[in-house]
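For reference, upload.pdb is printed below; it contains PDB, C-alpha atoms.
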```pdb
ATOM      1  CA  MET A   1       7.707  22.466  12.723
ATOM      2  CA  GLN A   2       5.780  19.727  14.506
ATOM      3  CA  TYR A   3       7.446  17.448  17.027
ATOM      4  CA  VAL A   4       6.859  13.996  18.455
ATOM      5  CA  THR A   5       7.806  13.145  22.024
ATOM      6  CA  LEU A   6       9.785   9.932  22.388
ATOM      7  CA  ASN A   7       9.161   7.515  25.258
ATOM      8  CA  ASN A   8      12.021   9.077  27.250
ATOM      9  CA  GLY A   9      10.628  12.609  26.895
ATOM     10  CA  VAL A  10      12.994  13.779  24.130
ATOM     11  CA  LYS A  11      11.290  15.900  21.461
ATOM     12  CA  MET A  12      12.086  14.979  17.840
ATOM     13  CA  PRO A  13      11.131  16.980  14.732
ATOM     14  CA  GLN A  14       8.545  15.094  12.724
ATOM     15  CA  LEU A  15      10.115  16.205   9.441
ATOM     16  CA  GLY A  16      13.830  15.854   8.800
ATOM     17  CA  PHE A  17      16.318  15.528   5.967
ATOM     18  CA  GLY A  18      17.877  12.189   5.006
ATOM     19  CA  VAL A  19      21.222  11.795   3.244
ATOM     20  CA  TYR A  20      20.998   8.164   2.106
ATOM     21  CA  GLN A  21      22.648   7.827  -1.338
ATOM     22  CA  VAL A  22      23.849  11.441  -1.235
ATOM     23  CA  THR A  23      27.470  11.359  -2.401
ATOM     24  CA  LYS A  24      30.308  12.742  -0.316
ATOM     25  CA  GLU A  25      30.831  15.372  -3.013
ATOM     26  CA  ALA A  26      27.237  16.624  -2.878
ATOM     27  CA  CYS A  27      26.383  16.044   0.777
ATOM     28  CA  GLU A  28      27.801  19.153   2.450
ATOM     29  CA  HIS A  29      26.132  21.483  -0.052
ATOM     30  CA  CYS A  30      22.801  19.635   0.262
ATOM     31  CA  VAL A  31      22.808  19.853   4.058
ATOM     32  CA  LEU A  32      23.661  23.566   3.894
ATOM     33  CA  ASP A  33      20.730  24.094   1.514
ATOM     34  CA  ALA A  34      18.433  22.138   3.834
ATOM     35  CA  LEU A  35      19.572  24.184   6.837
ATOM     36  CA  GLU A  36      18.884  27.397   4.925
ATOM     37  CA  ILE A  37      15.351  26.217   4.117
ATOM     38  CA  GLY A  38      14.686  25.441   7.778
ATOM     39  CA  TYR A  39      15.408  21.746   8.301
ATOM     40  CA  ARG A  40      16.843  21.074  11.741
ATOM     41  CA  SER A  41      16.802  17.259  11.826
ATOM     42  CA  PHE A  42      19.340  15.237   9.829
ATOM     43  CA  ASP A  43      19.624  11.480   9.356
ATOM     44  CA  THR A  44      22.899   9.846   8.306
ATOM     45  CA  ALA A  45      24.602   6.494   8.964
ATOM     46  CA  GLN A  46      27.996   4.873   9.108
ATOM     47  CA  SER A  47      27.136   2.923   5.956
ATOM     48  CA  TYR A  48      26.306   6.121   4.009
ATOM     49  CA  PHE A  49      29.955   7.251   4.174
ATOM     50  CA  ASN A  50      28.992  10.927   4.495
ATOM     51  CA  GLU A  51      29.012  11.591   8.239
ATOM     52  CA  GLU A  52      32.004  13.944   7.871
ATOM     53  CA  GLU A  53      30.192  16.044   5.294
ATOM     54  CA  VAL A  54      27.053  16.303   7.428
ATOM     55  CA  GLY A  55      29.148  17.422  10.383
ATOM     56  CA  SER A  56      31.084  19.927   8.303
ATOM     57  CA  ALA A  57      27.887  21.523   6.983
ATOM     58  CA  ILE A  58      26.420  21.847  10.470
ATOM     59  CA  GLN A  59      29.641  23.467  11.699
ATOM     60  CA  LYS A  60      29.705  25.886   8.756
ATOM     61  CA  SER A  61      26.078  26.864   9.367
ATOM     62  CA  GLY A  62      27.041  28.472  12.675
ATOM     63  CA  LEU A  63      23.787  27.286  14.251
ATOM     64  CA  PRO A  64      23.841  26.350  17.942
ATOM     65  CA  ARG A  65      24.240  22.602  18.461
ATOM     66  CA  GLU A  66      21.017  22.423  20.498
ATOM     67  CA  GLU A  67      18.999  23.571  17.468
ATOM     68  CA  ILE A  68      20.007  20.460  15.503
ATOM     69  CA  PHE A  69      18.569  16.963  15.935
ATOM     70  CA  LEU A  70      21.258  14.609  14.631
ATOM     71  CA  THR A  71      20.807  10.893  13.919
ATOM     72  CA  THR A  72      23.309   8.268  12.825
ATOM     73  CA  LYS A  73      23.223   4.479  12.677
ATOM     74  CA  VAL A  74      25.618   1.671  13.596
ATOM     75  CA  TRP A  75      26.363  -0.700  10.730
ATOM     76  CA  ILE A  76      26.397  -4.513  11.071
ATOM     77  CA  GLU A  77      30.165  -4.949  10.847
ATOM     78  CA  HIS A  78      30.480  -2.845  14.027
ATOM     79  CA  TYR A  79      28.089  -4.944  16.101
ATOM     80  CA  GLY A  80      29.137  -6.477  19.393
ATOM     81  CA  TYR A  81      29.633  -4.376  22.514
ATOM     82  CA  GLU A  82      33.170  -3.017  22.141
ATOM     83  CA  GLN A  83      33.071  -2.493  18.382
ATOM     84  CA  ALA A  84      29.707  -0.731  18.507
ATOM     85  CA  LYS A  85      30.797   1.570  21.309
ATOM     86  CA  THR A  86      34.027   2.470  19.510
ATOM     87  CA  SER A  87      32.221   3.036  16.212
ATOM     88  CA  VAL A  88      29.686   5.423  17.781
ATOM     89  CA  LEU A  89      32.458   7.516  19.303
ATOM     90  CA  GLU A  90      34.183   7.562  15.896
ATOM     91  CA  SER A  91      30.919   8.693  14.270
ATOM     92  CA  MET A  92      30.695  11.524  16.777
ATOM     93  CA  GLN A  93      34.223  12.622  15.828
ATOM     94  CA  LYS A  94      33.298  12.580  12.132
ATOM     95  CA  LEU A  95      30.154  14.589  12.877
ATOM     96  CA  GLN A  96      32.160  16.990  15.096
ATOM     97  CA  VAL A  97      29.768  16.673  18.036
ATOM     98  CA  ASP A  98      30.112  15.603  21.655
ATOM     99  CA  TYR A  99      26.664  13.963  21.749
ATOM    100  CA  LEU A 100      24.125  12.441  19.352
ATOM    101  CA  ASP A 101      20.409  13.125  19.514
ATOM    102  CA  LEU A 102      19.541   9.657  18.223
ATOM    103  CA  CYS A 103      21.574   6.563  17.391
ATOM    104  CA  LEU A 104      20.047   3.478  15.782
ATOM    105  CA  LEU A 105      21.140  -0.084  15.105
ATOM    106  CA  HIS A 106      20.828  -0.221  11.322
ATOM    107  CA  GLN A 107      19.880  -3.899  10.794
ATOM    108  CA  PRO A 108      18.580  -6.814  12.940
ATOM    109  CA  PHE A 109      21.489  -9.168  12.212
ATOM    110  CA  ALA A 110      24.704 -10.419  13.861
ATOM    111  CA  ASP A 111      25.357  -9.500  17.520
ATOM    112  CA  TYR A 112      22.791  -6.744  17.759
ATOM    113  CA  TYR A 113      22.248  -7.413  21.465
ATOM    114  CA  GLY A 114      25.901  -6.673  22.177
ATOM    115  CA  ALA A 115      25.626  -3.515  20.104
ATOM    116  CA  TRP A 116      22.428  -2.559  21.912
ATOM    117  CA  ARG A 117      24.137  -2.843  25.291
ATOM    118  CA  ALA A 118      26.767  -0.406  24.007
ATOM    119  CA  LEU A 119      24.036   2.064  23.024
ATOM    120  CA  GLU A 120      22.399   1.632  26.428
ATOM    121  CA  ASP A 121      25.661   2.488  28.187
ATOM    122  CA  LEU A 122      26.362   5.477  25.926
ATOM    123  CA  TYR A 123      22.805   6.665  26.528
ATOM    124  CA  GLU A 124      23.212   6.433  30.280
ATOM    125  CA  ALA A 125      26.560   8.237  30.002
ATOM    126  CA  GLY A 126      24.842  11.169  28.252
ATOM    127  CA  LYS A 127      26.557  10.621  24.903
ATOM    128  CA  ILE A 128      23.264   9.829  23.140
ATOM    129  CA  ARG A 129      19.930  11.478  23.958
ATOM    130  CA  ALA A 130      17.810   8.671  22.462
ATOM    131  CA  ILE A 131      18.497   5.184  21.110
ATOM    132  CA  GLY A 132      16.594   2.989  18.719
ATOM    133  CA  VAL A 133      16.628   0.433  15.944
ATOM    134  CA  SER A 134      16.050   0.284  12.214
ATOM    135  CA  ASN A 135      14.502  -2.426  10.043
ATOM    136  CA  PHE A 136      13.360  -4.446  13.067
ATOM    137  CA  TYR A 137      10.269  -6.383  12.033
ATOM    138  CA  PRO A 138       7.507  -6.875  14.650
ATOM    139  CA  ASP A 139       8.947 -10.157  15.959
ATOM    140  CA  ARG A 140      12.443  -8.717  16.514
ATOM    141  CA  LEU A 141      10.939  -5.523  17.903
ATOM    142  CA  VAL A 142       8.862  -7.374  20.506
ATOM    143  CA  ASP A 143      11.960  -9.375  21.439
ATOM    144  CA  ILE A 144      14.218  -6.385  22.106
ATOM    145  CA  ALA A 145      11.405  -4.295  23.612
ATOM    146  CA  ASN A 146      10.900  -6.942  26.285
ATOM    147  CA  PHE A 147      14.369  -8.347  26.922
ATOM    148  CA  ALA A 148      16.643  -5.304  26.602
ATOM    149  CA  ARG A 149      17.408  -3.234  29.696
ATOM    150  CA  ILE A 150      16.282  -0.028  27.924
ATOM    151  CA  ARG A 151      13.409  -0.157  25.455
ATOM    152  CA  PRO A 152      14.085   1.384  22.005
ATOM    153  CA  MET A 153      12.656   4.839  21.451
ATOM    154  CA  VAL A 154      12.477   4.691  17.626
ATOM    155  CA  ASN A 155      12.178   2.065  14.884
ATOM    156  CA  GLN A 156      13.078   3.366  11.439
ATOM    157  CA  ILE A 157      11.426   1.136   8.829
ATOM    158  CA  GLU A 158      10.197   1.056   5.253
ATOM    159  CA  THR A 159       6.751   2.603   5.235
ATOM    160  CA  HIS A 160       4.843   4.461   2.510
ATOM    161  CA  PRO A 161       1.358   4.285   0.940
ATOM    162  CA  LEU A 162       2.051   0.945  -0.772
ATOM    163  CA  ASN A 163       3.500  -0.661   2.387
ATOM    164  CA  GLN A 164       1.764   0.930   5.361
ATOM    165  CA  GLN A 165       3.121  -1.451   8.026
ATOM    166  CA  THR A 166      -0.170  -1.756   9.892
ATOM    167  CA  LEU A 167       1.012  -4.711  11.997
ATOM    168  CA  ALA A 168       4.314  -3.002  12.792
ATOM    169  CA  LYS A 169       2.474   0.184  13.723
ATOM    170  CA  GLN A 170       0.189  -1.797  16.051
ATOM    171  CA  TYR A 171       3.182  -3.152  18.000
ATOM    172  CA  LEU A 172       5.102   0.121  17.913
ATOM    173  CA  ASN A 173       2.099   1.819  19.482
ATOM    174  CA  LYS A 174       1.736  -0.979  22.026
ATOM    175  CA  TYR A 175       5.328  -0.545  23.226
ATOM    176  CA  GLY A 176       5.471   3.238  22.894
ATOM    177  CA  ILE A 177       8.140   3.174  20.160
ATOM    178  CA  GLN A 178       8.126   5.892  17.507
ATOM    179  CA  MET A 179       7.726   4.863  13.865
ATOM    180  CA  GLU A 180      10.083   6.597  11.441
ATOM    181  CA  ALA A 181       9.923   6.128   7.661
ATOM    182  CA  TRP A 182      13.187   5.615   5.792
ATOM    183  CA  ALA A 183      11.427   5.593   2.443
ATOM    184  CA  PRO A 184       8.427   7.912   2.839
ATOM    185  CA  PHE A 185       7.895   7.940  -0.951
ATOM    186  CA  GLY A 186       8.908   4.316  -1.503
ATOM    187  CA  GLU A 187      11.525   5.862  -3.819
ATOM    188  CA  GLY A 188       8.678   6.283  -6.299
ATOM    189  CA  ARG A 189       8.380   2.553  -6.896
ATOM    190  CA  GLY A 190       5.044   1.227  -8.022
ATOM    191  CA  GLY A 191       4.324   4.555  -9.752
ATOM    192  CA  LEU A 192       3.651   6.366  -6.472
ATOM    193  CA  PHE A 193       4.500   9.837  -7.798
ATOM    194  CA  GLU A 194       2.015   9.321 -10.641
ATOM    195  CA  ASN A 195      -0.644   7.565  -8.591
ATOM    196  CA  ASN A 196      -4.105   8.835  -9.570
ATOM    197  CA  VAL A 197      -5.498   8.719  -6.021
ATOM    198  CA  LEU A 198      -2.621  10.824  -4.696
ATOM    199  CA  LYS A 199      -2.807  13.186  -7.665
ATOM    200  CA  SER A 200      -6.528  13.791  -7.213
ATOM    201  CA  ILE A 201      -6.075  14.478  -3.496
ATOM    202  CA  GLY A 202      -3.172  16.812  -4.243
ATOM    203  CA  ALA A 203      -5.254  18.739  -6.779
ATOM    204  CA  LYS A 204      -7.751  19.661  -4.030
ATOM    205  CA  TYR A 205      -5.031  21.407  -2.025
ATOM    206  CA  ASP A 206      -2.757  22.537  -4.869
ATOM    207  CA  LYS A 207      -0.103  20.129  -3.600
ATOM    208  CA  THR A 208       2.125  17.535  -5.259
ATOM    209  CA  THR A 209       1.827  13.798  -4.714
ATOM    210  CA  ALA A 210       5.054  13.969  -2.660
ATOM    211  CA  GLN A 211       3.518  16.587  -0.375
ATOM    212  CA  VAL A 212       0.365  14.500  -0.011
ATOM    213  CA  MET A 213       2.428  11.465   0.994
ATOM    214  CA  LEU A 214       4.400  13.435   3.568
ATOM    215  CA  ARG A 215       1.222  14.929   4.986
ATOM    216  CA  TRP A 216      -0.311  11.424   5.209
ATOM    217  CA  HIS A 217       2.735  10.189   7.160
ATOM    218  CA  ILE A 218       2.605  13.179   9.511
ATOM    219  CA  GLN A 219      -1.089  12.710  10.254
ATOM    220  CA  ARG A 220      -0.391   9.032  11.016
ATOM    221  CA  GLY A 221       2.158  10.199  13.578
ATOM    222  CA  THR A 222       5.180   8.967  11.604
ATOM    223  CA  VAL A 223       8.529  10.776  11.510
ATOM    224  CA  VAL A 224       9.694  11.359   7.917
ATOM    225  CA  ILE A 225      13.157  12.061   6.480
ATOM    226  CA  PRO A 226      12.741  12.739   2.741
ATOM    227  CA  LYS A 227      15.886  13.144   0.667
ATOM    228  CA  SER A 228      16.593  15.319  -2.348
ATOM    229  CA  ILE A 229      19.675  16.952  -3.830
ATOM    230  CA  ARG A 230      17.536  19.659  -5.475
ATOM    231  CA  LYS A 231      16.842  22.732  -3.377
ATOM    232  CA  GLU A 232      13.419  23.352  -4.913
ATOM    233  CA  ARG A 233      12.373  19.811  -4.014
ATOM    234  CA  MET A 234      13.689  20.250  -0.468
ATOM    235  CA  GLU A 235      11.501  23.364  -0.181
ATOM    236  CA  GLU A 236       8.511  21.470  -1.559
ATOM    237  CA  ASN A 237       8.986  18.668   0.976
ATOM    238  CA  PHE A 238       9.282  21.213   3.792
ATOM    239  CA  ASN A 239       5.988  22.942   2.957
ATOM    240  CA  VAL A 240       3.539  20.361   4.264
ATOM    241  CA  PHE A 241       2.224  22.010   7.411
ATOM    242  CA  ASP A 242      -0.240  24.392   5.751
ATOM    243  CA  PHE A 243      -2.947  21.855   4.827
ATOM    244  CA  THR A 244      -4.729  18.891   6.409
ATOM    245  CA  LEU A 245      -6.000  15.722   4.779
ATOM    246  CA  THR A 246      -9.606  14.819   5.528
ATOM    247  CA  ASP A 247     -10.700  11.485   6.970
ATOM    248  CA  GLU A 248     -11.929  10.635   3.471
ATOM    249  CA  ASP A 249      -8.464  11.362   2.044
ATOM    250  CA  MET A 250      -6.824   9.182   4.684
ATOM    251  CA  VAL A 251      -9.206   6.291   3.921
ATOM    252  CA  ALA A 252      -8.495   6.587   0.187
ATOM    253  CA  ILE A 253      -4.750   6.417   0.807
ATOM    254  CA  ALA A 254      -5.184   3.510   3.241
ATOM    255  CA  ALA A 255      -6.799   1.558   0.388
ATOM    256  CA  LEU A 256      -3.515   1.734  -1.571
ATOM    257  CA  ASP A 257      -1.743  -0.582   0.879
ATOM    258  CA  THR A 258      -0.390  -3.771  -0.710
ATOM    259  CA  GLY A 259       1.051  -5.040   2.570
ATOM    260  CA  THR A 260       4.325  -5.956   0.869
ATOM    261  CA  SER A 261       7.777  -4.396   0.658
ATOM    262  CA  SER A 262       8.748  -2.407  -2.414
ATOM    263  CA  PHE A 263      12.380  -3.365  -1.782
ATOM    264  CA  PHE A 264      13.126  -6.681  -0.022
ATOM    265  CA  SER A 265      12.174  -8.832   2.943
ATOM    266  CA  HIS A 266      14.430  -9.437   5.937
ATOM    267  CA  TYR A 267      12.625 -12.768   6.314
ATOM    268  CA  ASP A 268      14.113 -13.938   2.967
ATOM    269  CA  PRO A 269      17.232 -16.086   3.604
ATOM    270  CA  ALA A 270      18.736 -14.910   0.312
ATOM    271  CA  ILE A 271      18.480 -11.301   1.476
ATOM    272  CA  VAL A 272      20.176 -12.164   4.761
ATOM    273  CA  GLU A 273      22.979 -13.808   2.783
ATOM    274  CA  TRP A 274      23.215 -10.657   0.658
ATOM    275  CA  PHE A 275      23.811  -8.599   3.811
ATOM    276  CA  VAL A 276      26.481 -11.108   4.920
ATOM    277  CA  GLN A 277      28.230 -10.807   1.552
ATOM    278  CA  MET A 278      28.099  -7.011   1.783
ATOM    279  CA  VAL A 279      29.725  -7.062   5.216
ATOM    280  CA  ASP A 280      32.393  -9.536   4.065
ATOM    281  CA  ALA A 281      33.177  -7.442   0.986
ATOM    282  CA  ARG A 282      33.567  -4.286   3.035
ATOM    283  CA  LYS A 283      35.802  -6.087   5.524
ATOM    284  CA  GLN A 284      38.032  -7.329   2.695
ATOM    285  CA  ASN A 285      38.247  -3.823   1.222
ATOM    286  CA  HIS A 286      39.140  -2.429   4.646
ATOM    287  CA  ASP A 287      41.831  -5.074   5.180
ATOM    288  CA  SER A 288      43.261  -4.412   1.703
ATOM    289  CA  SER A 289      43.425  -0.675   2.417
ATOM    290  CA  LYS A 290      45.307  -1.329   5.678
ATOM    291  CA  GLU A 291      47.826  -3.555   3.854
ATOM    292  CA  GLU A 292      48.429  -0.870   1.203
ATOM    293  CA  LYS A 293      49.177   1.706   3.904
ATOM    294  CA  ILE A 294      51.639  -0.679   5.588
TER     295      ILE A 294
END
```

Would you mind writing the file out in structure tokens?
Amino acid sequence: MQYVTLNNGVKMPQLGFGVYQVTKEACEHCVLDALEIGYRSFDTAQSYFNEEEVGSAIQKSGLPREEIFLTTKVWIEHYGYEQAKTSVLESMQKLQVDYLDLCLLHQPFADYYGAWRALEDLYEAGKIRAIGVSNFYPDRLVDIANFARIRPMVNQIETHPLNQQTLAKQYLNKYGIQMEAWAPFGEGRGGLFENNVLKSIGAKYDKTTAQVMLRWHIQRGTVVIPKSIRKERMEENFNVFDFTLTDEDMVAIAALDTGTSSFFSHYDPAIVEWFVQMVDARKQNHDSSKEEKI
């Protein structure tokens, strides 16, 4: 396994396993499979609703806690100082750990500065080894990098061959913040798995397009957290350290960049409203559940 060193000296595996959209029913088994293959870095979030299953799998594995690099993220409805701090401690209980390796703010909305101060305090208290953000575009990143007491160590963003985030990468490098890809394959959108450039490069090394994409990310210095519920695909994604792309390969992949998101833009007011509606809907569901219990 290769590692990156964060700006506070913490070493983070460059390849991990993500559990976004992995159901509660499937999650524990998937994490156990990933652990068996050799994955030691796992990325979950409060909004994935599977923290308990990730924690249960890690406990069942019997592996020492220090061998695991564990990431979770604070969701928008828990922003603000007190709520964020409480929610992180609750996440740790669900994950059955007494510290997190990395905790991120999931979105750049609402009172993220209050939430960030909570992460800073938990970091200084030794409850979190590294703190960071997710989906912070360059403008928001420069803001928090300069005005927060502790600079973020990671920014987890959408990046893949069709959206290479060259401007974001420029500012991440400038401020010493690690880029992490939450969609290293772009979920296959835009025909990435069938892309002829990636296929021709893969044929040279007897590798799949997915393996070529992961190798491209790794050589760019990006942390990747591919997800799969199929063990054979997990193994495929893990076997990307036995070949190296040439400069020519890297240039060919660079030419695929469209410079646009394959999903949505946080600059779009309609998307921001969509996030607000999501938070409101979850709050209403939570309040309804409390009333039913009463």

Excluding A:Asp249 and its own-chain neighbours fewer than 6 positions away, which residues fall within 10 Å of it when counting only C-alpha atoms? Please give them as a ChimeraX atom specification.
/A:197-198,200-202,212,216

Given the selection you just returned, output its residues as a file containing C-alpha atoms, formatted as a PDB file, keeping the file's coordinate frame.
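Wrote it out as selection25.pdb, contents follow:
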```pdb
ATOM      1  CA  VAL A 197      -5.498   8.719  -6.021  1.00  0.00           C
ATOM      2  CA  LEU A 198      -2.621  10.824  -4.696  1.00  0.00           C
ATOM      3  CA  SER A 200      -6.528  13.791  -7.213  1.00  0.00           C
ATOM      4  CA  ILE A 201      -6.075  14.478  -3.496  1.00  0.00           C
ATOM      5  CA  GLY A 202      -3.172  16.812  -4.243  1.00  0.00           C
ATOM      6  CA  VAL A 212       0.365  14.500  -0.011  1.00  0.00           C
ATOM      7  CA  TRP A 216      -0.311  11.424   5.209  1.00  0.00           C
TER       8      TRP A 216
END
```

How close does stretch 30-59 of chain A get to stretch 221-232 of chain A? List, as JSON lines, each residue of stretch 30-59 of chain A within 9 Å, its nearest atom pair and the distance in Å to one decimal, counting all atoms listed in the file.
```
{"residue": "A:Cys30", "atom": "CA", "partner": "A:Ile229", "partner_atom": "CA", "distance": 5.8}
{"residue": "A:Val31", "atom": "CA", "partner": "A:Ile229", "partner_atom": "CA", "distance": 9.0}
{"residue": "A:Asp33", "atom": "CA", "partner": "A:Lys231", "partner_atom": "CA", "distance": 6.4}
{"residue": "A:Ala34", "atom": "CA", "partner": "A:Lys231", "partner_atom": "CA", "distance": 7.4}
{"residue": "A:Ile37", "atom": "CA", "partner": "A:Lys231", "partner_atom": "CA", "distance": 8.4}
{"residue": "A:Ser41", "atom": "CA", "partner": "A:Ile225", "partner_atom": "CA", "distance": 8.3}
{"residue": "A:Phe42", "atom": "CA", "partner": "A:Ile225", "partner_atom": "CA", "distance": 7.7}
{"residue": "A:Asp43", "atom": "CA", "partner": "A:Ile225", "partner_atom": "CA", "distance": 7.1}
```

Please determine, counting all atoms listed in the file, which residue among A:Arg151, A:Lys174, A:His160, A:Arg233 has the shortest atom-to-atom distance to A:Met213.
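Among A:Arg151, A:Lys174, A:His160, A:Arg233, it is A:His160 that comes nearest to A:Met213.
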
I need the residue nearest A:Ser87 from this list: A:Glu67, A:Gly62, A:Ser47, A:Cys27. Use all atoms listed in the file for the distance.
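Among the listed residues, A:Ser47 lies closest to A:Ser87.
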
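Nearest to A:Gln170 of all the residues A:Tyr137, A:Phe147, A:Phe263, A:Trp182 is A:Tyr137, based on only C-alpha atoms.
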
Write out as a PDB file with C-alpha atoms, in the frame of the given file which residues come within 12 Å of A:Arg40 when counting only C-alpha atoms, dropping same-chain ones fewer than 5 positions away.
```pdb
ATOM      1  CA  MET A   1       7.707  22.466  12.723  1.00  0.00           C
ATOM      2  CA  GLN A   2       5.780  19.727  14.506  1.00  0.00           C
ATOM      3  CA  TYR A   3       7.446  17.448  17.027  1.00  0.00           C
ATOM      4  CA  MET A  12      12.086  14.979  17.840  1.00  0.00           C
ATOM      5  CA  PRO A  13      11.131  16.980  14.732  1.00  0.00           C
ATOM      6  CA  GLN A  14       8.545  15.094  12.724  1.00  0.00           C
ATOM      7  CA  LEU A  15      10.115  16.205   9.441  1.00  0.00           C
ATOM      8  CA  GLY A  16      13.830  15.854   8.800  1.00  0.00           C
ATOM      9  CA  PHE A  17      16.318  15.528   5.967  1.00  0.00           C
ATOM     10  CA  GLY A  18      17.877  12.189   5.006  1.00  0.00           C
ATOM     11  CA  VAL A  31      22.808  19.853   4.058  1.00  0.00           C
ATOM     12  CA  LEU A  32      23.661  23.566   3.894  1.00  0.00           C
ATOM     13  CA  ASP A  33      20.730  24.094   1.514  1.00  0.00           C
ATOM     14  CA  ALA A  34      18.433  22.138   3.834  1.00  0.00           C
ATOM     15  CA  LEU A  35      19.572  24.184   6.837  1.00  0.00           C
ATOM     16  CA  ILE A  58      26.420  21.847  10.470  1.00  0.00           C
ATOM     17  CA  SER A  61      26.078  26.864   9.367  1.00  0.00           C
ATOM     18  CA  LEU A  63      23.787  27.286  14.251  1.00  0.00           C
ATOM     19  CA  PRO A  64      23.841  26.350  17.942  1.00  0.00           C
ATOM     20  CA  ARG A  65      24.240  22.602  18.461  1.00  0.00           C
ATOM     21  CA  GLU A  66      21.017  22.423  20.498  1.00  0.00           C
ATOM     22  CA  GLU A  67      18.999  23.571  17.468  1.00  0.00           C
ATOM     23  CA  ILE A  68      20.007  20.460  15.503  1.00  0.00           C
ATOM     24  CA  PHE A  69      18.569  16.963  15.935  1.00  0.00           C
ATOM     25  CA  LEU A  70      21.258  14.609  14.631  1.00  0.00           C
ATOM     26  CA  THR A  71      20.807  10.893  13.919  1.00  0.00           C
ATOM     27  CA  ASP A 101      20.409  13.125  19.514  1.00  0.00           C
ATOM     28  CA  ILE A 225      13.157  12.061   6.480  1.00  0.00           C
ATOM     29  CA  PHE A 238       9.282  21.213   3.792  1.00  0.00           C
TER      30      PHE A 238
END
```

Answer key for the PyMOL selection byres ((chain A and resi 131) around 6), residues as a PyMOL selection string
chain A and resi 102-104+130+132+152-153

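Using all atoms listed in the file, the smallest distance between any of A:Thr244, A:Ser134, A:Thr258, A:Asn146 and A:Gln165 comes from A:Thr258.
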
If you count all atoms listed in the file, which residues fall within 8 Å of stretch 269-283 of chain A, apart from same-chain ones fewer than 4 positions away, as a compact mmCIF listing (two decimals) with C-alpha atoms, keeping the file's coordinate frame?
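What follows is the written file out_12.txt:
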```txt
# COMPACT_ATOMS: atom_id res chain seq x y z
CA ILE A 76 26.40 -4.51 11.07
CA GLU A 77 30.16 -4.95 10.85
CA PHE A 264 13.13 -6.68 -0.02
CA SER A 265 12.17 -8.83 2.94
CA ASP A 287 41.83 -5.07 5.18
```

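Neighbours of A:Ala255 closer than or equal to 12 Å, with only C-alpha atoms counted and sequence neighbours fewer than 4 positions away skipped, come out as Pro161, Leu162, Asn163, Gln164, Val197, Leu198, Glu248, Asp249, Met250, Val251 and Gly259 of chain A.
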
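Restricting the calculation to all atoms listed in the file, the smallest distance between A:Ala183 and any of A:Thr159, A:Asn8, A:Asn196, A:Thr260 is found for A:Thr159.
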
Could you please determine the separation between atom CA of A:Trp75 and atom CA of A:Glu120 in Å, to one decimal place?
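Between atom CA of A:Trp75 and atom CA of A:Glu120 the gap works out to 16.4 Å.
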
Which residue of A:Tyr113, A:Tyr99, A:Tyr267, A:Phe49 approaches A:Val19 most closely, using only C-alpha atoms:
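Residue with the minimum atom-to-atom distance to A:Val19: A:Phe49.
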
Hits from the PyMOL selection byres ((chain A and resi 117) around 12), listed as a count of residues only:
30

So how far away is atom CA of A:Val4 from atom CA of A:Leu167, in Å?
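Atom-to-atom, atom CA of A:Leu167 to atom CA of A:Val4, that is 20.6 Å.
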
Kindly resolve the PyMOL selection byres ((chain A and resi 243) around 10) on the present coordinates and return the residues as a list in words.
Tyr205, Asp206, Lys207, Gln211, Val212, Arg215, Asn239, Val240, Phe241, Asp242, Thr244, Leu245 and Thr246 of chain A

Taking the partial coordinates given, rebuild stretch 178-187 of chain A to contain N, CA and C atoms; return it as a tab-separated table (two decimals), in the frame of the given file.
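Result saved to rebuild.tsv:
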```tsv
chain	number	residue	atom	x	y	z
A	178	GLN	N	8.47	5.00	18.61
A	178	GLN	CA	8.13	5.89	17.51
A	178	GLN	C	8.45	5.28	16.15
A	179	MET	N	7.48	5.29	15.24
A	179	MET	CA	7.73	4.86	13.86
A	179	MET	C	8.37	5.99	13.07
A	180	GLU	N	9.43	5.65	12.34
A	180	GLU	CA	10.08	6.60	11.44
A	180	GLU	C	10.21	5.94	10.07
A	181	ALA	N	9.92	6.68	9.02
A	181	ALA	CA	9.92	6.13	7.66
A	181	ALA	C	11.24	6.43	6.96
A	182	TRP	N	11.96	5.36	6.55
A	182	TRP	CA	13.19	5.62	5.79
A	182	TRP	C	12.94	5.74	4.30
A	183	ALA	N	11.77	5.42	3.86
A	183	ALA	CA	11.43	5.59	2.44
A	183	ALA	C	10.01	6.14	2.36
A	184	PRO	N	9.80	7.40	2.77
A	184	PRO	CA	8.43	7.91	2.84
A	184	PRO	C	7.71	7.96	1.50
A	185	PHE	N	8.49	7.97	0.39
A	185	PHE	CA	7.90	7.94	-0.95
A	185	PHE	C	8.05	6.57	-1.60
A	186	GLY	N	8.63	5.61	-0.89
A	186	GLY	CA	8.91	4.32	-1.50
A	186	GLY	C	9.83	4.45	-2.70
A	187	GLU	N	10.63	5.54	-2.70
A	187	GLU	CA	11.52	5.86	-3.82
A	187	GLU	C	10.77	5.91	-5.14
```
